[in-house]
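Structure below is my_file.pdb: PDB, C-alpha atoms, pLDDT in the B column.
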ATOM      1  CA  MET A  19      77.151 125.428 164.047  1.00 69.00           C
ATOM      2  CA  ASP A  20      76.558 124.118 160.528  1.00 82.00           C
ATOM      3  CA  TRP A  21      79.954 124.949 159.039  1.00 87.00           C
ATOM      4  CA  PRO A  22      79.286 123.303 155.642  1.00 89.00           C
ATOM      5  CA  VAL A  23      76.389 125.737 155.146  1.00 91.00           C
ATOM      6  CA  ILE A  24      78.617 128.667 156.075  1.00 91.00           C
ATOM      7  CA  GLU A  25      81.353 127.415 153.747  1.00 91.00           C
ATOM      8  CA  GLN A  26      78.827 127.237 150.880  1.00 94.00           C
ATOM      9  CA  LYS A  27      77.802 130.803 151.603  1.00 94.00           C
ATOM     10  CA  LEU A  28      81.444 131.912 151.674  1.00 92.00           C
ATOM     11  CA  GLU A  29      81.977 130.303 148.267  1.00 94.00           C
ATOM     12  CA  SER A  30      78.940 132.189 146.935  1.00 95.00           C
ATOM     13  CA  LEU A  31      80.419 135.352 148.417  1.00 92.00           C
ATOM     14  CA  ARG A  32      83.733 134.735 146.638  1.00 92.00           C
ATOM     15  CA  ARG A  33      81.904 134.139 143.349  1.00 95.00           C
ATOM     16  CA  SER A  34      79.968 137.403 143.667  1.00 95.00           C
ATOM     17  CA  LEU A  35      83.113 139.361 144.487  1.00 94.00           C
ATOM     18  CA  ARG A  36      84.940 137.832 141.506  1.00 95.00           C
ATOM     19  CA  ARG A  37      82.115 139.007 139.239  1.00 96.00           C
ATOM     20  CA  VAL A  38      82.464 142.535 140.631  1.00 95.00           C
ATOM     21  CA  GLU A  39      86.219 142.497 140.074  1.00 94.00           C
ATOM     22  CA  GLU A  40      85.897 141.062 136.558  1.00 95.00           C
ATOM     23  CA  LYS A  41      83.170 143.435 135.377  1.00 95.00           C
ATOM     24  CA  ARG A  42      84.187 146.627 137.176  1.00 96.00           C
ATOM     25  CA  PRO A  43      84.810 149.311 134.520  1.00 96.00           C
ATOM     26  CA  LYS A  44      88.010 151.374 134.519  1.00 96.00           C
ATOM     27  CA  ASP A  45      86.380 154.322 136.296  1.00 96.00           C
ATOM     28  CA  ALA A  46      83.126 155.700 137.706  1.00 95.00           C
ATOM     29  CA  ASP A  47      82.254 157.583 134.505  1.00 96.00           C
ATOM     30  CA  ALA A  48      82.451 154.364 132.506  1.00 97.00           C
ATOM     31  CA  LEU A  49      80.177 152.667 135.046  1.00 96.00           C
ATOM     32  CA  ALA A  50      77.655 155.515 134.814  1.00 94.00           C
ATOM     33  CA  LYS A  51      77.394 154.857 131.059  1.00 96.00           C
ATOM     34  CA  ASP A  52      77.344 151.046 131.095  1.00 97.00           C
ATOM     35  CA  ILE A  53      73.976 149.664 132.194  1.00 95.00           C
ATOM     36  CA  ASP A  54      75.166 146.059 131.953  1.00 96.00           C
ATOM     37  CA  ALA A  55      78.074 146.770 134.311  1.00 96.00           C
ATOM     38  CA  GLN A  56      75.677 148.658 136.592  1.00 95.00           C
ATOM     39  CA  ASP A  57      73.420 145.626 136.793  1.00 94.00           C
ATOM     40  CA  ILE A  58      76.284 143.183 137.326  1.00 96.00           C
ATOM     41  CA  LEU A  59      77.974 145.267 140.011  1.00 95.00           C
ATOM     42  CA  SER A  60      74.822 146.238 141.888  1.00 93.00           C
ATOM     43  CA  LEU A  61      73.419 142.701 141.788  1.00 93.00           C
ATOM     44  CA  ASN A  62      76.626 141.080 142.972  1.00 95.00           C
ATOM     45  CA  LEU A  63      77.335 143.689 145.637  1.00 94.00           C
ATOM     46  CA  THR A  64      73.810 143.393 147.035  1.00 93.00           C
ATOM     47  CA  ARG A  65      74.097 139.614 146.852  1.00 94.00           C
ATOM     48  CA  ALA A  66      77.404 139.769 148.746  1.00 94.00           C
ATOM     49  CA  VAL A  67      75.869 141.928 151.479  1.00 93.00           C
ATOM     50  CA  GLN A  68      72.914 139.567 151.776  1.00 93.00           C
ATOM     51  CA  ILE A  69      75.258 136.600 152.047  1.00 95.00           C
ATOM     52  CA  TYR A  70      77.235 138.096 154.880  1.00 90.00           C
ATOM     53  CA  VAL A  71      74.049 139.067 156.702  1.00 95.00           C
ATOM     54  CA  ASP A  72      72.919 135.450 156.293  1.00 95.00           C
ATOM     55  CA  ILE A  73      76.248 134.173 157.623  1.00 94.00           C
ATOM     56  CA  GLY A  74      76.035 136.579 160.558  1.00 94.00           C
ATOM     57  CA  ALA A  75      72.502 135.456 161.355  1.00 93.00           C
ATOM     58  CA  HIS A  76      73.627 131.848 161.170  1.00 92.00           C
ATOM     59  CA  LEU A  77      76.505 132.534 163.547  1.00 92.00           C
ATOM     60  CA  ILE A  78      74.159 134.264 165.983  1.00 93.00           C
ATOM     61  CA  SER A  79      71.606 131.445 165.823  1.00 91.00           C
ATOM     62  CA  GLY A  80      74.285 129.065 167.082  1.00 82.00           C
ATOM     63  CA  THR A  81      74.599 131.076 170.296  1.00 87.00           C
ATOM     64  CA  GLU A  82      72.399 132.258 173.136  1.00 90.00           C
ATOM     65  CA  LEU A  83      72.594 135.837 171.866  1.00 90.00           C
ATOM     66  CA  PRO A  84      69.339 137.659 171.147  1.00 90.00           C
ATOM     67  CA  PRO A  85      68.506 137.786 167.453  1.00 91.00           C
ATOM     68  CA  PRO A  86      68.913 141.171 165.763  1.00 94.00           C
ATOM     69  CA  ASP A  87      65.855 143.204 164.782  1.00 94.00           C
ATOM     70  CA  THR A  88      67.427 144.518 161.575  1.00 94.00           C
ATOM     71  CA  MET A  89      70.051 143.442 159.080  1.00 94.00           C
ATOM     72  CA  GLY A  90      72.416 146.129 160.328  1.00 93.00           C
ATOM     73  CA  GLN A  91      72.005 145.043 163.942  1.00 96.00           C
ATOM     74  CA  THR A  92      73.400 141.655 162.942  1.00 96.00           C
ATOM     75  CA  PHE A  93      76.839 143.217 162.950  1.00 95.00           C
ATOM     76  CA  ASP A  94      76.300 144.958 166.281  1.00 96.00           C
ATOM     77  CA  VAL A  95      75.489 141.565 167.805  1.00 96.00           C
ATOM     78  CA  LEU A  96      78.551 139.983 166.190  1.00 95.00           C
ATOM     79  CA  TYR A  97      80.744 142.809 167.499  1.00 95.00           C
ATOM     80  CA  ASN A  98      79.269 142.611 171.014  1.00 94.00           C
ATOM     81  CA  ALA A  99      79.939 138.852 170.979  1.00 92.00           C
ATOM     82  CA  GLY A 100      83.572 139.491 170.041  1.00 92.00           C
ATOM     83  CA  MET A 101      83.203 137.855 166.634  1.00 92.00           C
ATOM     84  CA  ILE A 102      84.152 140.927 164.564  1.00 93.00           C
ATOM     85  CA  SER A 103      85.836 144.256 165.240  1.00 94.00           C
ATOM     86  CA  ALA A 104      83.922 147.467 165.907  1.00 96.00           C
ATOM     87  CA  ASP A 105      85.361 149.030 162.749  1.00 95.00           C
ATOM     88  CA  LEU A 106      84.257 146.093 160.592  1.00 94.00           C
ATOM     89  CA  ALA A 107      80.776 146.195 162.143  1.00 95.00           C
ATOM     90  CA  VAL A 108      80.453 149.871 161.157  1.00 94.00           C
ATOM     91  CA  ARG A 109      81.617 149.207 157.589  1.00 92.00           C
ATOM     92  CA  MET A 110      79.283 146.255 157.218  1.00 92.00           C
ATOM     93  CA  LYS A 111      76.332 148.279 158.468  1.00 93.00           C
ATOM     94  CA  LYS A 112      77.137 150.853 155.782  1.00 90.00           C
ATOM     95  CA  ALA A 113      77.125 148.054 153.217  1.00 91.00           C
ATOM     96  CA  VAL A 114      73.650 147.068 154.426  1.00 91.00           C
ATOM     97  CA  GLY A 115      72.599 150.677 153.807  1.00 86.00           C
ATOM     98  CA  PHE A 116      73.886 150.405 150.240  1.00 86.00           C
ATOM     99  CA  ARG A 117      72.057 147.097 149.794  1.00 88.00           C
ATOM    100  CA  ASN A 118      68.806 148.624 151.015  1.00 84.00           C
ATOM    101  CA  LEU A 119      69.164 151.538 148.602  1.00 84.00           C
ATOM    102  CA  ALA A 120      70.012 149.231 145.705  1.00 84.00           C
ATOM    103  CA  VAL A 121      67.092 146.920 146.405  1.00 84.00           C
ATOM    104  CA  HIS A 122      64.437 149.488 147.301  1.00 83.00           C
ATOM    105  CA  ASN A 123      65.403 152.619 145.377  1.00 75.00           C
ATOM    106  CA  TYR A 124      67.514 151.469 142.428  1.00 65.00           C
ATOM    107  CA  ASN A 125      66.863 154.645 140.420  1.00 71.00           C
ATOM    108  CA  ALA A 126      68.531 156.777 143.102  1.00 76.00           C
ATOM    109  CA  ILE A 127      71.861 154.925 143.036  1.00 87.00           C
ATOM    110  CA  ASN A 128      74.921 157.106 142.731  1.00 89.00           C
ATOM    111  CA  TRP A 129      77.190 155.130 140.404  1.00 92.00           C
ATOM    112  CA  ALA A 130      80.282 156.934 141.641  1.00 90.00           C
ATOM    113  CA  ILE A 131      79.577 155.492 145.102  1.00 90.00           C
ATOM    114  CA  VAL A 132      78.987 152.032 143.651  1.00 91.00           C
ATOM    115  CA  TYR A 133      82.284 152.294 141.792  1.00 93.00           C
ATOM    116  CA  SER A 134      84.021 153.353 144.983  1.00 91.00           C
ATOM    117  CA  ILE A 135      82.560 150.368 146.827  1.00 90.00           C
ATOM    118  CA  ALA A 136      83.560 148.030 144.001  1.00 91.00           C
ATOM    119  CA  GLN A 137      87.050 149.522 143.893  1.00 89.00           C
ATOM    120  CA  SER A 138      87.984 149.950 147.526  1.00 86.00           C
ATOM    121  CA  SER A 139      85.531 148.187 149.843  1.00 86.00           C
ATOM    122  CA  LEU A 140      85.794 144.598 148.657  1.00 88.00           C
ATOM    123  CA  GLN A 141      88.437 143.961 151.297  1.00 89.00           C
ATOM    124  CA  ASP A 142      85.687 144.378 153.918  1.00 90.00           C
ATOM    125  CA  PHE A 143      84.042 141.227 152.592  1.00 87.00           C
ATOM    126  CA  GLY A 144      87.385 139.449 152.789  1.00 87.00           C
ATOM    127  CA  GLU A 145      87.961 140.669 156.332  1.00 90.00           C
ATOM    128  CA  PHE A 146      84.568 139.325 157.335  1.00 90.00           C
ATOM    129  CA  ALA A 147      85.370 135.961 155.716  1.00 88.00           C
ATOM    130  CA  LYS A 148      88.655 135.834 157.680  1.00 88.00           C
ATOM    131  CA  SER A 149      86.766 136.543 160.914  1.00 89.00           C
ATOM    132  CA  VAL A 150      84.416 133.661 160.137  1.00 89.00           C
ATOM    133  CA  ALA A 151      87.376 131.364 159.398  1.00 86.00           C
ATOM    134  CA  LYS A 152      88.906 132.247 162.781  1.00 87.00           C
ATOM    135  CA  LEU A 153      85.618 131.376 164.495  1.00 86.00           C
ATOM    136  CA  GLN A 154      85.554 128.068 162.664  1.00 84.00           C
ATOM    137  CA  ASP A 155      89.126 127.324 163.756  1.00 82.00           C
ATOM    138  CA  LYS A 156      88.255 128.126 167.398  1.00 82.00           C
ATOM    139  CA  THR A 157      85.212 125.856 167.184  1.00 78.00           C
ATOM    140  CA  ARG A 158      87.346 122.994 165.869  1.00 73.00           C
ATOM    141  CA  GLU A 159      89.965 123.555 168.585  1.00 75.00           C
ATOM    142  CA  ASN A 160      87.326 123.406 171.329  1.00 72.00           C
ATOM    143  CA  LYS A 161      85.999 120.017 170.217  1.00 63.00           C
TER
END

Representation of the structure as structure tokens:
Amino acid sequence: MDWPVIEQKLESLRRSLRRVEEKRPKDADALAKDIDAQDILSLNLTRAVQIYVDIGAHLISGTELPPPDTMGQTFDVLYNAGMISADLAVRMKKAVGFRNLAVHNYNAINWAIVYSIAQSSLQDFGEFAKSVAKLQDKTRENK
């Protein structure tokens, strides 16, 4: 496992989440009216989702597990391997759904949902990062 690569990705994840926290307007109505905040939040949230998919794929590639066919399946594989909880896998798959909407159908984004994600779902990213840190600790212990 190339832990320095994963650590770089985790730092990028932290940077994206900080941008969301710093630029998140006071409420969903304010976000709906602020195109700069919309761009900053949607870009950094989609970037964060992509980063944790990349980390998941990297973790899987270091095993004998079959590679996932979709971004969302990455989290099913991680759950089945005991790397993340079932609940976190479900939440992360939902985040992939948001990312797909934001990337492929930007005009259809519901800014109230984006605000909700930016307000209350950032801890999911942190929970994933903690799961990765635990895996890294186990790897170091087994050496």

Residues of region 20-78 of chain A that have any atom at most 12 Å from an atom of region 111-119 of chain A: could you tabulate them with the shortest-distance atom pair and the distance in Å to one decimal, using all atoms listed in the file, ordered by chain and increasing number, as a Markdown table?
| residue | atom | partner | partner_atom | distance |
| --- | --- | --- | --- | --- |
| A:Leu59 | CA | A:Arg117 | CA | 11.6 |
| A:Ser60 | CA | A:Arg117 | CA | 8.4 |
| A:Leu61 | CA | A:Arg117 | CA | 9.2 |
| A:Asn62 | CA | A:Arg117 | CA | 10.2 |
| A:Leu63 | CA | A:Arg117 | CA | 7.5 |
| A:Thr64 | CA | A:Arg117 | CA | 4.9 |
| A:Arg65 | CA | A:Arg117 | CA | 8.3 |
| A:Ala66 | CA | A:Arg117 | CA | 9.1 |
| A:Val67 | CA | A:Val114 | CA | 6.3 |
| A:Gln68 | CA | A:Arg117 | CA | 7.8 |
| A:Ile69 | CA | A:Val114 | CA | 10.9 |
| A:Tyr70 | CA | A:Val114 | CA | 9.7 |
| A:Val71 | CA | A:Val114 | CA | 8.3 |
| A:Asp72 | CA | A:Val114 | CA | 11.8 |
| A:Gly74 | CA | A:Lys111 | CA | 11.9 |

Task: Residues matched by the PyMOL selection byres ((chain A and resi 139) around 12) as JSON, numbers by chain - done: {"A": [35, 38, 39, 63, 66, 67, 106, 109, 110, 112, 113, 116, 131, 132, 133, 134, 135, 136, 137, 138, 140, 141, 142, 143, 144, 145, 146]}

What would the file look like if the residues just selected were written as a compact mmCIF listing (two decimals), in the coordinates of the input with C-alpha atoms?
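File written: result-v4.txt
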# COMPACT_ATOMS: atom_id res chain seq x y z
CA LEU A 35 83.11 139.36 144.49
CA VAL A 38 82.46 142.54 140.63
CA GLU A 39 86.22 142.50 140.07
CA LEU A 63 77.33 143.69 145.64
CA ALA A 66 77.40 139.77 148.75
CA VAL A 67 75.87 141.93 151.48
CA LEU A 106 84.26 146.09 160.59
CA ARG A 109 81.62 149.21 157.59
CA MET A 110 79.28 146.26 157.22
CA LYS A 112 77.14 150.85 155.78
CA ALA A 113 77.12 148.05 153.22
CA PHE A 116 73.89 150.40 150.24
CA ILE A 131 79.58 155.49 145.10
CA VAL A 132 78.99 152.03 143.65
CA TYR A 133 82.28 152.29 141.79
CA SER A 134 84.02 153.35 144.98
CA ILE A 135 82.56 150.37 146.83
CA ALA A 136 83.56 148.03 144.00
CA GLN A 137 87.05 149.52 143.89
CA SER A 138 87.98 149.95 147.53
CA LEU A 140 85.79 144.60 148.66
CA GLN A 141 88.44 143.96 151.30
CA ASP A 142 85.69 144.38 153.92
CA PHE A 143 84.04 141.23 152.59
CA GLY A 144 87.38 139.45 152.79
CA GLU A 145 87.96 140.67 156.33
CA PHE A 146 84.57 139.32 157.34

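When CA of Ala75 (chain A) is paired with CA of Thr92 (chain A), their separation reads 6.5 Å.
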
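One distance worth recording is that between CA of Pro43 (chain A) and CA of Ala130 (chain A), which is 11.4 Å.
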
TODO: Compare A:Val121, A:Leu31, A:Trp129, A:Glu82 by their minimum atom-to-atom distance to Asp45 (chain A), counting all atoms listed in the file, and give me the closest one.
DONE: A:Trp129

- [ ] Decode the PyMOL selection byres ((chain A and resi 103) around 12) for the given file into explicit residues and return them as a VMD selection string.
- [x] chain A and resid 93 to 102 104 to 110 142 145 to 146 148 to 150

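Across the structure, CA of Asp155 (chain A) and CA of Arg33 (chain A) are spaced 22.7 Å apart.
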
- [ ] With the file shown as input, list the residues that the PyMOL selection byres ((chain A and resi 25) around 12) selects, as a PyMOL selection string.
- [x] chain A and resi 19-24+26-32+69-70+72-73+76+147-148+150-151+154

Task: Shortest interatomic distance to Thr157 (chain A) - which of A:Gly80, A:Ala126, A:Asp87, A:Lys44, counting only C-alpha atoms - done: A:Gly80
